[in-house]
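Reviewing the structure listed below.
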Amino acid sequence: MKKKLFPVIFALLLLAIPAFPAFAESNVLRLLDEDDLLTDDEETELMDKLDEISERQQVDIVVAVVHTLDGSTPMEYADDYYDYNGYGFGAGKDGILFLISMEERDWYISTTGFGITAVTDAGREYMAEQFLGDLSDGEYAAAFTTFAELCDDFITQARTGEPYDVDHLPEEPFGILGNLVISFLIAFLISLIATGIMRGKLKSVRSQTSADSYLKEGSMRLTRKDDLFLYSHVDRREKPKENNSGSTGAPSGGSRTHTSSSGETHGGGGGKF
C-alpha cells in the first residue's frame with residue numbers, strides 16, 4: 001500500500017514546486033523604514049508602487065531608511081545593502097537603490113547593471129532636484145514616490161537607446177517661478193498702458209530739443225572757456241590661457257562607477273538633506 005502511495009505523493013510534490021519561485025519573488029522586500037518615517041498606509045502604497053515598477057521594468061527599485069550607517073560611508077552602506085540582500089534582475093543584477101540615513105541626514109542612490117545606464121550622473125542630479133525639497137521638509141512619502149516615478153521614467157527612456165544625460169534631460173516643470181514671471185509681465189504691460197494714457201493727456205508740455213529753450217534770453221553771458229583733462233580709464237583683461245589637455249571642463253556625461261566590497265560594479269552618488 002505504501003509503495004502505491006509513493007508515486008502519488010511524489011507527483012503532488014512536483015506539481016507544488018513551480019509555486020515556490022513565484023512565492024519568493026512576490027516577497028522581495030523593496031522598502032525598509034527603520035525610523036518609521038511613513039504611516040502604515042503610506043508604506044503600503046509605496047511598497048505597491050515599488051513592486052509594480054520593479055516587476056514591470058525588470059529593474060529592482062528599492063528604498064531603504066536606516067537610523068545609522070554603522071561607521072560606513074553612504075556609498076559603502078548603500079552598495080553592500082543592495083548586494084547582500086540579493087536585489088537585482090538578471091545577470092547584471094539590474095536595480096536602483098535609494099538610501100536614507102537619519103543619523104547624519106545622508107542620502108545616496110546606488111545603481112547596478114541597467115540601473116547604471118538608466119540613471120547617469122547628470123540624471124541623478126536632476127532627480128535630486130526633484131525630491132530634495134520634500135525630503136528636507138519631512139515629506140518623506142512624497143520624496144520616495146517622486147524617486148520611484150522618476151526611476152520608472154528614466155528606465156523607459158534608457159530603453160530607447162538615449163538615456164537622460166547632460167544634454168538630454170526631462171523638461172523642468174513650469175512651477176512657481178514661471179507663474180511669477182508671467183504675473184510680472186502682465187503687471188508691467190498694464191502699468192505701461194496706464195502711464196501711456198496719462199502721458200497722452202499732458203497736452204501743454206512738450207520736450208525741447210536744446211538747452212537754450214530753458215534759458216531766459218540775455219540772462220547768461222559766457223566770458224571764458226577752458227578744456228581741462230580730468231582723468232583716464234584703462235580696461236585690462238587677462239589673455240585666456242591655452243588648454244593643452246583638450247578638455248573644455250564640461251561634464252562628459254554617462255555614469256562614473258566603482259567596485260563594492262562584494263566585487264560588484266555600481267554607479268551612484270548622494271549628499272545631505
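Chain labels run A, B, ... following the order of the C-alpha cells; each chain numbers its residues from 1, and ligands are numbered from 1 in the order shown.
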List the neighbours of Tyr108 in chain A out to 10 Å using only C-alpha atoms; skip same-chain residues closer than 6 positions along the sequence, and give me the result as a short mmCIF file (atom, residue, chain, number, x, y, z; two decimals) with C-alpha atoms, in the first residue's frame.
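File result_38.cif, as written:
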data_model
loop_
_atom_site.label_atom_id
_atom_site.label_comp_id
_atom_site.auth_asym_id
_atom_site.auth_seq_id
_atom_site.Cartn_x
_atom_site.Cartn_y
_atom_site.Cartn_z
CA ALA A 64 15.94 51.87 2.46
CA THR A 73 30.14 55.80 4.18
CA PRO A 74 26.75 56.24 2.48
CA MET A 75 28.21 54.74 -0.70
CA GLU A 76 29.58 51.66 1.09
CA TYR A 77 26.38 51.07 3.04
CA ALA A 78 24.08 51.50 0.02
CA ASP A 79 26.17 49.21 -2.20
CA LEU A 97 18.52 51.79 -4.50
CA PHE A 98 17.67 54.98 -2.61
CA LEU A 99 19.28 55.05 0.85
CA ILE A 100 18.34 57.47 3.63
CA SER A 101 20.31 57.61 6.91
CA ARG A 124 20.85 61.55 -10.70
CA ALA A 128 17.81 65.05 -6.53
CA GLY A 268 25.71 56.45 -7.85
CA GLY A 269 26.11 59.48 -5.65
CA GLY A 270 24.42 61.41 -2.88
CA GLY A 271 24.59 64.22 -0.35
CA LYS A 272 22.86 65.75 2.67
#
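Distances to His168 in chain A were evaluated for A:Lys49, A:Glu104, A:Gly123, A:Ser72 using only C-alpha atoms, and the minimum falls at A:Gly123.
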Practice task
Would you mind writing down, as JSON, numbers by chain, each residue of range 73-145 of chain A that DSSP on the backbone assigns to helix (DSSP H, G or I)?
Solution key: {"A": [74, 75, 76, 77, 78, 79, 80, 81, 82, 83, 84, 114, 115, 116, 117, 118, 121, 122, 123, 124, 125, 126, 127, 128, 129, 130, 131, 132, 133, 134, 135, 136, 140, 141, 142, 143, 144, 145]}
What lies within 12 Å of Thr259 in chain A using only C-alpha atoms, ignoring chain neighbours under 3 positions off, as a tab-separated table (two decimals) with C-alpha atoms, in the first residue's frame?
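Okay, out_1.tsv is ready:
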chain	number	residue	atom	x	y	z
A	75	MET	CA	28.21	54.74	-0.70
A	76	GLU	CA	29.58	51.66	1.09
A	79	ASP	CA	26.17	49.21	-2.20
A	80	ASP	CA	26.51	46.50	0.47
A	83	ASP	CA	24.47	43.34	-2.83
A	110	SER	CA	23.27	53.29	-5.75
A	111	THR	CA	22.82	51.94	-9.29
A	112	THR	CA	23.64	48.48	-10.62
A	256	ARG	CA	31.15	57.04	-13.06
A	262	SER	CA	31.47	42.20	-2.80
A	263	GLY	CA	33.16	42.89	-6.12
A	264	GLU	CA	30.04	44.24	-7.88
A	265	THR	CA	30.15	47.33	-10.12
A	266	HIS	CA	27.99	50.25	-9.01
A	267	GLY	CA	27.28	53.80	-10.05
A	268	GLY	CA	25.71	56.45	-7.85
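When only C-alpha atoms are used to compute distances to Asp48 in chain A, the closest of the residues A:Gln130, A:Thr145, A:Ser136, A:Thr120 turns out to be A:Thr145.
Excluding Asp153 in chain A and any residue on its chain fewer than 6 positions from it, the residues at most 12 Å away by only C-alpha atoms are Ile53, Gln57, Ala118, Val119, Gly123, Met127, Thr146, Phe147, Arg159, Thr160, Pro163, Tyr164, Leu169 and Pro170 of chain A.
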Please write the residues from the selection above to a file, keeping N, CA and C atoms, as a short mmCIF file (atom, residue, chain, number, x, y, z; two decimals), in the first residue's frame.
data_model
loop_
_atom_site.label_atom_id
_atom_site.label_comp_id
_atom_site.auth_asym_id
_atom_site.auth_seq_id
_atom_site.Cartn_x
_atom_site.Cartn_y
_atom_site.Cartn_z
N ILE A 53 6.51 48.79 -10.36
CA ILE A 53 7.51 49.31 -11.29
C ILE A 53 8.64 48.30 -11.49
N GLN A 57 9.31 46.72 -15.11
CA GLN A 57 10.53 47.15 -15.78
C GLN A 57 11.65 46.11 -15.68
N ALA A 118 20.57 53.65 -16.98
CA ALA A 118 19.35 54.47 -16.92
C ALA A 118 19.54 55.76 -16.14
N VAL A 119 20.27 55.69 -15.03
CA VAL A 119 20.46 56.88 -14.17
C VAL A 119 21.92 57.30 -14.25
N GLY A 123 21.65 62.63 -14.69
CA GLY A 123 20.27 62.24 -14.39
C GLY A 123 20.01 62.16 -12.90
N MET A 127 17.31 64.16 -10.64
CA MET A 127 16.39 63.50 -9.70
C MET A 127 16.43 64.19 -8.34
N THR A 146 8.24 60.37 -5.62
CA THR A 146 8.88 61.07 -6.74
C THR A 146 10.07 60.27 -7.26
N PHE A 147 10.88 59.75 -6.34
CA PHE A 147 12.03 58.93 -6.74
C PHE A 147 11.58 57.73 -7.57
N ARG A 159 15.63 52.66 -22.34
CA ARG A 159 15.37 51.54 -23.24
C ARG A 159 15.25 52.00 -24.69
N THR A 160 15.07 53.28 -24.92
CA THR A 160 15.04 53.79 -26.30
C THR A 160 16.44 53.91 -26.89
N PRO A 163 19.53 57.44 -23.03
CA PRO A 163 19.19 57.76 -21.63
C PRO A 163 19.24 59.27 -21.38
N TYR A 164 18.51 59.69 -20.36
CA TYR A 164 18.62 61.08 -19.93
C TYR A 164 20.05 61.34 -19.47
N LEU A 169 17.90 66.03 -20.78
CA LEU A 169 17.22 65.79 -19.51
C LEU A 169 15.74 66.12 -19.65
N PRO A 170 14.90 65.58 -18.78
CA PRO A 170 13.47 65.92 -18.85
C PRO A 170 13.26 67.41 -18.72
#
Handout entry: Near-Phe144 in chain A list (8 Å; only C-alpha atoms; drop same-chain fewer than 4 positions) as a PyMOL selection string
Key = chain A and resi 46+63+131+140+148
Handout entry: Filtered DSSP result for range 62-193 of chain A, state strand (DSSP E), as a PyMOL selection string
Key = chain A and resi 62-66+95-101+106-112
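Between Asp137 in chain A and the residues A:Phe273, A:Lys93, A:Val28, A:Thr223, the shortest atom-to-atom distance, using only C-alpha atoms, involves A:Phe273.
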